[in-house]
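Novice: So here's entry.tsv (TSV, C-alpha atoms).
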```tsv
chain	number	residue	atom	x	y	z
A	9	MET	CA	240.49	-21.19	95.40
A	10	ILE	CA	238.96	-19.35	98.37
A	11	ALA	CA	240.97	-17.66	101.09
A	12	LYS	CA	240.47	-19.02	104.60
A	13	THR	CA	239.82	-15.49	105.84
A	14	GLY	CA	236.50	-15.20	104.00
A	15	ARG	CA	238.15	-13.05	101.37
A	16	CYS	CA	238.80	-13.54	97.66
A	17	ALA	CA	242.10	-15.37	97.29
A	18	TRP	CA	243.76	-13.07	94.74
A	19	PRO	CA	245.16	-10.39	97.12
A	20	GLY	CA	247.11	-13.04	99.04
A	21	GLU	CA	248.65	-11.52	102.17
A	22	ASP	CA	250.13	-8.36	100.65
A	23	PRO	CA	248.83	-5.55	102.91
A	24	LEU	CA	248.48	-3.08	100.03
A	25	TYR	CA	246.58	-5.61	97.91
A	26	VAL	CA	244.37	-6.65	100.84
A	27	ALA	CA	243.48	-3.02	101.57
A	28	TYR	CA	242.66	-2.43	97.90
A	29	HIS	CA	240.44	-5.53	97.88
A	30	ASP	CA	238.70	-4.66	101.14
A	31	GLU	CA	238.18	-0.94	100.52
A	32	GLU	CA	238.04	-0.24	96.78
A	33	TRP	CA	237.64	-3.23	94.45
A	34	GLY	CA	234.03	-3.75	93.44
A	35	VAL	CA	232.72	-0.54	95.04
A	36	PRO	CA	230.48	1.25	92.49
A	37	GLU	CA	232.35	4.31	91.22
A	38	PHE	CA	230.46	7.03	89.36
A	39	ASP	CA	232.90	9.95	89.62
A	40	GLU	CA	234.03	10.88	86.11
A	41	ARG	CA	237.61	11.77	87.03
A	42	ALA	CA	238.05	8.61	89.12
A	43	LEU	CA	236.71	6.50	86.24
A	44	TYR	CA	239.23	8.12	83.86
A	45	GLU	CA	242.09	7.43	86.31
A	46	LYS	CA	241.13	3.78	86.69
A	47	LEU	CA	240.71	3.24	82.96
A	48	ILE	CA	244.13	4.76	82.28
A	49	LEU	CA	245.83	2.78	85.05
A	50	ASP	CA	244.26	-0.41	83.72
A	51	GLY	CA	245.74	0.49	80.33
A	52	PHE	CA	249.16	0.89	81.94
A	53	GLN	CA	248.67	-2.56	83.46
A	54	ALA	CA	248.57	-4.22	80.02
A	55	GLY	CA	251.26	-6.93	80.09
A	56	LEU	CA	251.92	-6.36	83.81
A	57	SER	CA	250.25	-7.36	87.09
A	58	TRP	CA	247.81	-5.05	88.87
A	59	ILE	CA	249.91	-5.08	92.05
A	60	THR	CA	252.77	-3.54	90.02
A	61	ILE	CA	250.51	-0.62	89.09
A	62	LEU	CA	249.03	-0.39	92.58
A	63	ARG	CA	252.49	0.00	94.10
A	64	LYS	CA	253.18	2.83	91.65
A	65	ARG	CA	249.72	4.46	91.85
A	66	GLU	CA	250.77	7.41	94.03
A	67	ASN	CA	253.72	8.02	91.69
A	68	PHE	CA	251.31	8.00	88.75
A	69	ARG	CA	249.03	10.47	90.51
A	70	ARG	CA	251.95	12.79	91.17
A	71	ALA	CA	253.33	12.48	87.66
A	72	PHE	CA	249.95	12.93	85.96
A	73	ASP	CA	248.72	15.97	87.90
A	74	GLY	CA	246.30	13.98	90.03
A	75	PHE	CA	244.77	12.51	86.87
A	76	ALA	CA	243.04	15.80	86.06
A	77	PRO	CA	241.98	15.25	82.42
A	78	GLU	CA	241.83	19.02	81.80
A	79	LYS	CA	245.58	19.25	82.49
A	80	ILE	CA	246.65	15.98	80.87
A	81	ALA	CA	244.80	16.82	77.64
A	82	ARG	CA	247.25	19.72	77.13
A	83	TYR	CA	250.42	17.65	77.61
A	84	GLY	CA	252.96	18.07	74.83
A	85	ASP	CA	256.50	16.92	74.04
A	86	ARG	CA	258.00	18.44	77.21
A	87	GLN	CA	255.57	16.61	79.52
A	88	ILE	CA	256.00	13.35	77.60
A	89	ALA	CA	259.79	13.63	77.99
A	90	ARG	CA	259.35	14.29	81.72
A	91	LEU	CA	257.13	11.21	82.10
A	92	LEU	CA	259.51	9.01	80.11
A	93	ALA	CA	262.28	10.02	82.54
A	94	ASP	CA	260.17	9.29	85.65
A	95	GLU	CA	261.34	6.02	87.21
A	96	GLY	CA	258.34	5.94	89.53
A	97	ILE	CA	255.88	5.05	86.77
A	98	VAL	CA	255.67	2.66	83.81
A	99	ARG	CA	257.69	4.44	81.15
A	100	SER	CA	255.93	3.43	77.95
A	101	ARG	CA	255.59	6.14	75.31
A	102	ALA	CA	252.59	4.39	73.75
A	103	LYS	CA	250.78	4.17	77.09
A	104	ILE	CA	251.64	7.76	78.03
A	105	GLU	CA	250.36	9.00	74.69
A	106	ALA	CA	247.22	6.87	75.17
A	107	ALA	CA	246.62	8.57	78.54
A	108	ILE	CA	246.89	12.01	76.90
A	109	ARG	CA	244.59	11.00	74.05
A	110	GLY	CA	242.22	9.51	76.63
A	111	ALA	CA	242.08	12.83	78.49
A	112	GLN	CA	241.21	14.66	75.28
A	113	LEU	CA	238.48	12.12	74.53
A	114	TRP	CA	237.21	12.34	78.12
A	115	LEU	CA	236.75	16.10	77.71
A	116	LYS	CA	234.88	15.57	74.44
A	117	ILE	CA	232.59	12.95	75.99
A	118	GLN	CA	231.94	15.17	79.02
A	119	GLU	CA	230.87	17.93	76.67
A	120	GLU	CA	228.87	15.91	74.16
A	121	GLU	CA	227.48	12.83	75.93
A	122	PRO	CA	224.30	13.26	78.02
A	123	GLY	CA	225.33	12.29	81.55
A	124	GLY	CA	229.02	12.72	80.76
A	125	PHE	CA	231.76	10.09	81.03
A	126	SER	CA	230.05	8.29	83.90
A	127	HIS	CA	226.91	7.63	81.86
A	128	PHE	CA	229.04	6.72	78.83
A	129	ILE	CA	230.64	3.94	80.91
A	130	TRP	CA	227.72	2.84	83.07
A	131	LYS	CA	225.13	2.61	80.29
A	132	HIS	CA	226.77	-0.71	79.38
A	133	VAL	CA	225.24	-2.20	82.55
A	134	ASP	CA	222.07	-0.07	82.38
A	135	GLY	CA	223.46	2.24	85.05
A	136	ARG	CA	223.34	-0.40	87.79
A	137	PRO	CA	225.95	-2.78	89.18
A	138	LYS	CA	225.49	-6.44	88.27
A	139	ALA	CA	225.89	-8.76	91.26
A	140	ASN	CA	227.41	-12.05	90.17
A	141	ARG	CA	227.43	-15.09	92.43
A	142	PHE	CA	230.66	-16.88	91.62
A	143	LYS	CA	231.79	-19.54	94.10
A	144	SER	CA	235.37	-19.77	92.87
A	145	MET	CA	237.88	-17.61	91.04
A	146	ARG	CA	237.88	-20.32	88.35
A	147	ASP	CA	234.28	-19.36	87.55
A	148	ILE	CA	235.04	-15.69	86.91
A	149	PRO	CA	235.35	-14.85	83.20
A	150	ALA	CA	238.23	-12.85	81.72
A	151	LYS	CA	235.80	-10.98	79.47
A	152	THR	CA	232.07	-10.87	78.76
A	153	PRO	CA	229.78	-9.58	75.99
A	154	MET	CA	229.39	-6.42	78.10
A	155	SER	CA	233.15	-5.80	78.24
A	156	GLU	CA	233.43	-6.55	74.52
A	157	GLY	CA	230.74	-3.95	73.80
A	158	LEU	CA	232.33	-1.30	76.02
A	159	ALA	CA	235.80	-2.02	74.61
A	160	LYS	CA	234.44	-1.68	71.09
A	161	GLU	CA	232.85	1.69	71.85
A	162	LEU	CA	235.99	2.96	73.59
A	163	LYS	CA	238.11	1.95	70.60
A	164	GLN	CA	235.64	3.57	68.18
A	165	ARG	CA	236.00	6.78	70.18
A	166	GLY	CA	239.79	6.58	69.88
A	167	PHE	CA	240.90	5.10	73.22
A	168	ASN	CA	243.85	2.68	73.25
A	169	PHE	CA	244.86	-0.15	75.61
A	170	CYS	CA	241.21	-0.97	76.25
A	171	GLY	CA	240.58	-4.47	74.91
A	172	PRO	CA	237.75	-6.57	76.37
A	173	VAL	CA	239.96	-8.24	79.02
A	174	ILE	CA	241.35	-4.92	80.30
A	175	VAL	CA	237.84	-3.45	80.20
A	176	TYR	CA	236.42	-6.35	82.21
A	177	ALA	CA	239.13	-5.84	84.87
A	178	PHE	CA	238.15	-2.16	84.89
A	179	ALA	CA	234.44	-3.08	85.25
A	180	GLN	CA	235.25	-5.34	88.20
A	181	ALA	CA	237.35	-2.66	89.88
A	182	VAL	CA	234.77	0.14	89.54
A	183	GLY	CA	231.89	-2.06	90.64
A	184	MET	CA	230.02	-2.34	87.36
A	185	VAL	CA	230.09	-6.03	88.19
A	186	ASN	CA	230.44	-7.51	91.66
A	187	ASP	CA	232.90	-10.36	91.17
A	188	HIS	CA	233.79	-10.96	94.80
A	189	VAL	CA	233.22	-14.67	95.33
A	190	VAL	CA	230.08	-15.33	97.40
A	191	SER	CA	232.09	-16.54	100.41
A	192	CYS	CA	234.02	-13.25	100.50
A	193	HIS	CA	232.94	-10.77	103.19
A	194	ARG	CA	232.92	-8.00	100.57
A	195	HIS	CA	230.40	-9.66	98.26
A	196	LYS	CA	227.45	-8.76	100.48
A	197	ASP	CA	228.74	-5.23	101.13
A	198	CYS	CA	229.23	-4.44	97.44
A	199	ALA	CA	225.88	-6.04	96.55
A	200	ALA	CA	224.20	-3.76	99.10
A	201	LEU	CA	225.87	-0.72	97.54
A	202	GLY	CA	224.53	-1.87	94.17
A	203	GLU	CA	221.02	-2.21	95.59
A	204	LYS	CA	221.20	1.36	96.89
A	205	ARG	CA	221.94	2.49	93.35
A	206	LYS	CA	218.82	0.69	92.08
```
Just dump the structure as structure tokens.
Specialist:
Amino acid sequence: MIAKTGRCAWPGEDPLYVAYHDEEWGVPEFDERALYEKLILDGFQAGLSWITILRKRENFRRAFDGFAPEKIARYGDRQIARLLADEGIVRSRAKIEAAIRGAQLWLKIQEEEPGGFSHFIWKHVDGRPKANRFKSMRDIPAKTPMSEGLAKELKQRGFNFCGPVIVYAFAQAVGMVNDHVVSCHRHKDCAALGEKRK
């Protein structure tokens, strides 16, 4: 299905979703902190819709100290209790603990991995966005060998809530793959950003 507006159909007419589609989704993101935030939010999405998380994103940013991994890595029982009482976010102990563990792992990767967390993520597409040319949402896969490989490495490192489907949604969002349908006005824009990277 293709939207009549020359836009991918999935945002519908929700202004928040449309803005996210038009301004963020598919734009290549290389900032380490932003990549951590998106990976954690995608983990919180597990079992929910992305629009649910998007509507709560500012609450998440407030609750999680702006997604600063250096701060989150030090969270203990008091901070977990505070987060579990925060009605503005998804109150899942397992997901909160996964975010804290993810921050600790992020710090370790930043310290040990050449190129830091950004290289750790982007090496799975050789450091360059892959421009797909899907004509319909029906053609877009839920996961790929790339997302399976990245999910496997994340799990081996100790990350949770990062299966290949979640990881592929993450890859789409941060522009590792350009999955705007070809008739969407953003396909060309995101492809051009990918070419600049090359």
Novice: Identify which of the residues A:Leu162, A:Met184, A:Ile174, A:Leu43 lies closest to A:Val133, counting only C-alpha atoms when measuring atom-to-atom distances.
Specialist: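 Nearest to A:Val133: A:Met184.
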Novice: What is the atom CA of A:Gln112 to atom CA of A:Glu66 distance in Å?
Specialist: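 Distance between the two atoms: 22.3 Å.
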Novice: Skip stretch 74-77 of chain A itself and residues of its chain fewer than 6 positions away, then list as a PDB file with C-alpha atoms, keeping the file's coordinate frame all residues within 8 Å of it, counting only C-alpha atoms.
Specialist:
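So part-v6.pdb came out as:
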```pdb
ATOM      1  CA  ARG A  41     237.610  11.770  87.030  1.00  0.00           C
ATOM      2  CA  TYR A  44     239.230   8.120  83.860  1.00  0.00           C
ATOM      3  CA  GLU A  45     242.090   7.430  86.310  1.00  0.00           C
ATOM      4  CA  PHE A  68     251.310   8.000  88.750  1.00  0.00           C
ATOM      5  CA  ALA A 111     242.080  12.830  78.490  1.00  0.00           C
ATOM      6  CA  GLN A 112     241.210  14.660  75.280  1.00  0.00           C
ATOM      7  CA  TRP A 114     237.210  12.340  78.120  1.00  0.00           C
ATOM      8  CA  LEU A 115     236.750  16.100  77.710  1.00  0.00           C
TER       9      LEU A 115
END
```
Novice: Go through A:Gly84, A:Glu31, A:Val98, A:Met145 one by one, measure the shortest atom-to-atom distance of each to A:Ser57 using only C-alpha atoms, and give the residue with the smallest value.
Specialist: A:Val98
Novice: Quick one, how far is atom CA of A:Pro153 from atom CA of A:Leu62?
Specialist: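 Separation of atom CA of A:Pro153 and atom CA of A:Leu62: 27.0 Å.
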Novice: For the atom pair atom CA of A:Glu40 and atom CA of A:Lys116, what is the interatomic distance in Å to one decimal place?
Specialist: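 If I compute the distance from atom CA of A:Glu40 to atom CA of A:Lys116, I get 12.6 Å.
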Novice: Skip A:Leu113 itself and residues of its chain fewer than 6 positions away, then list as a ChimeraX atom specification all residues within 8 Å of it, counting all atoms listed in the file.
Specialist: /A:165-167
Novice: Taking C-alpha atoms for each residue, export the selection above as a PDB file, in the frame of the given file.
Specialist:
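Contents of out-v5.pdb, as written:
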```
ATOM      1  CA  ARG A 165     236.000   6.780  70.180  1.00  0.00           C
ATOM      2  CA  GLY A 166     239.790   6.580  69.880  1.00  0.00           C
ATOM      3  CA  PHE A 167     240.900   5.100  73.220  1.00  0.00           C
TER       4      PHE A 167
END
```
Novice: For stretch 135-146 of chain A, which lacks atoms in the input, supply all heavy atoms and format the output as a tab-separated table (two decimals), in the coordinates of the input.
Specialist:
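So part13.tsv came out as:
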```tsv
chain	number	residue	atom	x	y	z
A	135	GLY	N	223.32	1.30	83.94
A	135	GLY	CA	223.46	2.24	85.05
A	135	GLY	C	223.46	1.61	86.43
A	135	GLY	O	223.52	2.33	87.43
A	136	ARG	N	223.43	0.27	86.49
A	136	ARG	CA	223.34	-0.40	87.79
A	136	ARG	C	224.35	-1.53	87.87
A	136	ARG	O	224.52	-2.29	86.91
A	136	ARG	CB	221.94	-0.98	88.00
A	136	ARG	CG	220.86	0.08	88.02
A	136	ARG	CD	219.49	-0.55	88.20
A	136	ARG	NE	219.25	-1.63	87.26
A	136	ARG	CZ	218.02	-2.01	86.88
A	136	ARG	NH1	216.97	-1.41	87.36
A	136	ARG	NH2	217.86	-3.01	86.02
A	137	PRO	N	225.00	-1.68	89.02
A	137	PRO	CA	225.95	-2.78	89.18
A	137	PRO	C	225.27	-4.14	89.02
A	137	PRO	O	224.12	-4.32	89.43
A	137	PRO	CB	226.46	-2.61	90.61
A	137	PRO	CG	226.16	-1.19	90.97
A	137	PRO	CD	224.92	-0.83	90.23
A	138	LYS	N	225.98	-5.07	88.42
A	138	LYS	CA	225.49	-6.44	88.27
A	138	LYS	C	226.15	-7.30	89.32
A	138	LYS	O	227.37	-7.42	89.36
A	138	LYS	CB	225.82	-6.96	86.87
A	138	LYS	CG	225.34	-8.39	86.63
A	138	LYS	CD	225.67	-8.83	85.21
A	138	LYS	CE	225.05	-10.20	84.95
A	138	LYS	NZ	225.95	-11.30	85.07
A	139	ALA	N	225.35	-7.90	90.19
A	139	ALA	CA	225.89	-8.76	91.26
A	139	ALA	C	225.98	-10.19	90.76
A	139	ALA	O	224.95	-10.85	90.56
A	139	ALA	CB	225.01	-8.67	92.50
A	140	ASN	N	227.19	-10.65	90.54
A	140	ASN	CA	227.41	-12.05	90.17
A	140	ASN	C	227.50	-12.89	91.43
A	140	ASN	O	227.69	-12.36	92.53
A	140	ASN	CB	228.67	-12.18	89.32
A	140	ASN	CG	228.48	-11.57	87.93
A	140	ASN	OD1	227.44	-11.72	87.31
A	140	ASN	ND2	229.49	-10.85	87.46
A	141	ARG	N	227.38	-14.19	91.27
A	141	ARG	CA	227.43	-15.09	92.43
A	141	ARG	C	228.39	-16.24	92.15
A	141	ARG	O	228.03	-17.41	92.15
A	141	ARG	CB	226.02	-15.61	92.76
A	141	ARG	CG	225.07	-14.48	93.17
A	141	ARG	CD	223.81	-15.00	93.81
A	141	ARG	NE	224.07	-15.85	94.98
A	141	ARG	CZ	224.34	-15.41	96.20
A	141	ARG	NH1	224.42	-14.11	96.43
A	141	ARG	NH2	224.54	-16.25	97.19
A	142	PHE	N	229.65	-15.87	91.90
A	142	PHE	CA	230.66	-16.88	91.62
A	142	PHE	C	231.16	-17.50	92.92
A	142	PHE	O	231.42	-16.80	93.89
A	142	PHE	CB	231.82	-16.27	90.84
A	142	PHE	CG	231.41	-15.74	89.49
A	142	PHE	CD1	231.60	-14.41	89.16
A	142	PHE	CD2	230.85	-16.58	88.54
A	142	PHE	CE1	231.24	-13.91	87.91
A	142	PHE	CE2	230.48	-16.09	87.28
A	142	PHE	CZ	230.67	-14.76	86.98
A	143	LYS	N	231.31	-18.82	92.91
A	143	LYS	CA	231.79	-19.54	94.10
A	143	LYS	C	233.31	-19.66	94.13
A	143	LYS	O	233.90	-19.83	95.19
A	143	LYS	CB	231.15	-20.93	94.15
A	143	LYS	CG	229.64	-20.88	94.37
A	143	LYS	CD	229.06	-22.28	94.45
A	143	LYS	CE	227.55	-22.20	94.68
A	143	LYS	NZ	226.93	-23.55	94.73
A	144	SER	N	233.93	-19.57	92.96
A	144	SER	CA	235.37	-19.77	92.87
A	144	SER	C	235.95	-18.80	91.85
A	144	SER	O	235.27	-18.40	90.90
A	144	SER	CB	235.66	-21.21	92.46
A	144	SER	OG	236.99	-21.35	92.00
A	145	MET	N	237.21	-18.46	92.02
A	145	MET	CA	237.88	-17.61	91.04
A	145	MET	C	237.90	-18.27	89.66
A	145	MET	O	237.91	-17.57	88.64
A	145	MET	CB	239.32	-17.31	91.49
A	145	MET	CG	239.40	-16.32	92.64
A	145	MET	SD	241.10	-16.05	93.20
A	145	MET	CE	241.85	-15.38	91.71
A	146	ARG	N	237.88	-19.60	89.64
A	146	ARG	CA	237.88	-20.32	88.35
A	146	ARG	C	236.62	-20.01	87.54
A	146	ARG	O	236.62	-20.16	86.32
A	146	ARG	CB	237.96	-21.82	88.58
A	146	ARG	CG	239.30	-22.31	89.09
A	146	ARG	CD	239.37	-23.84	89.11
A	146	ARG	NE	238.32	-24.41	89.95
A	146	ARG	CZ	238.46	-24.62	91.25
A	146	ARG	NH1	239.58	-24.29	91.87
A	146	ARG	NH2	237.46	-25.15	91.95
```
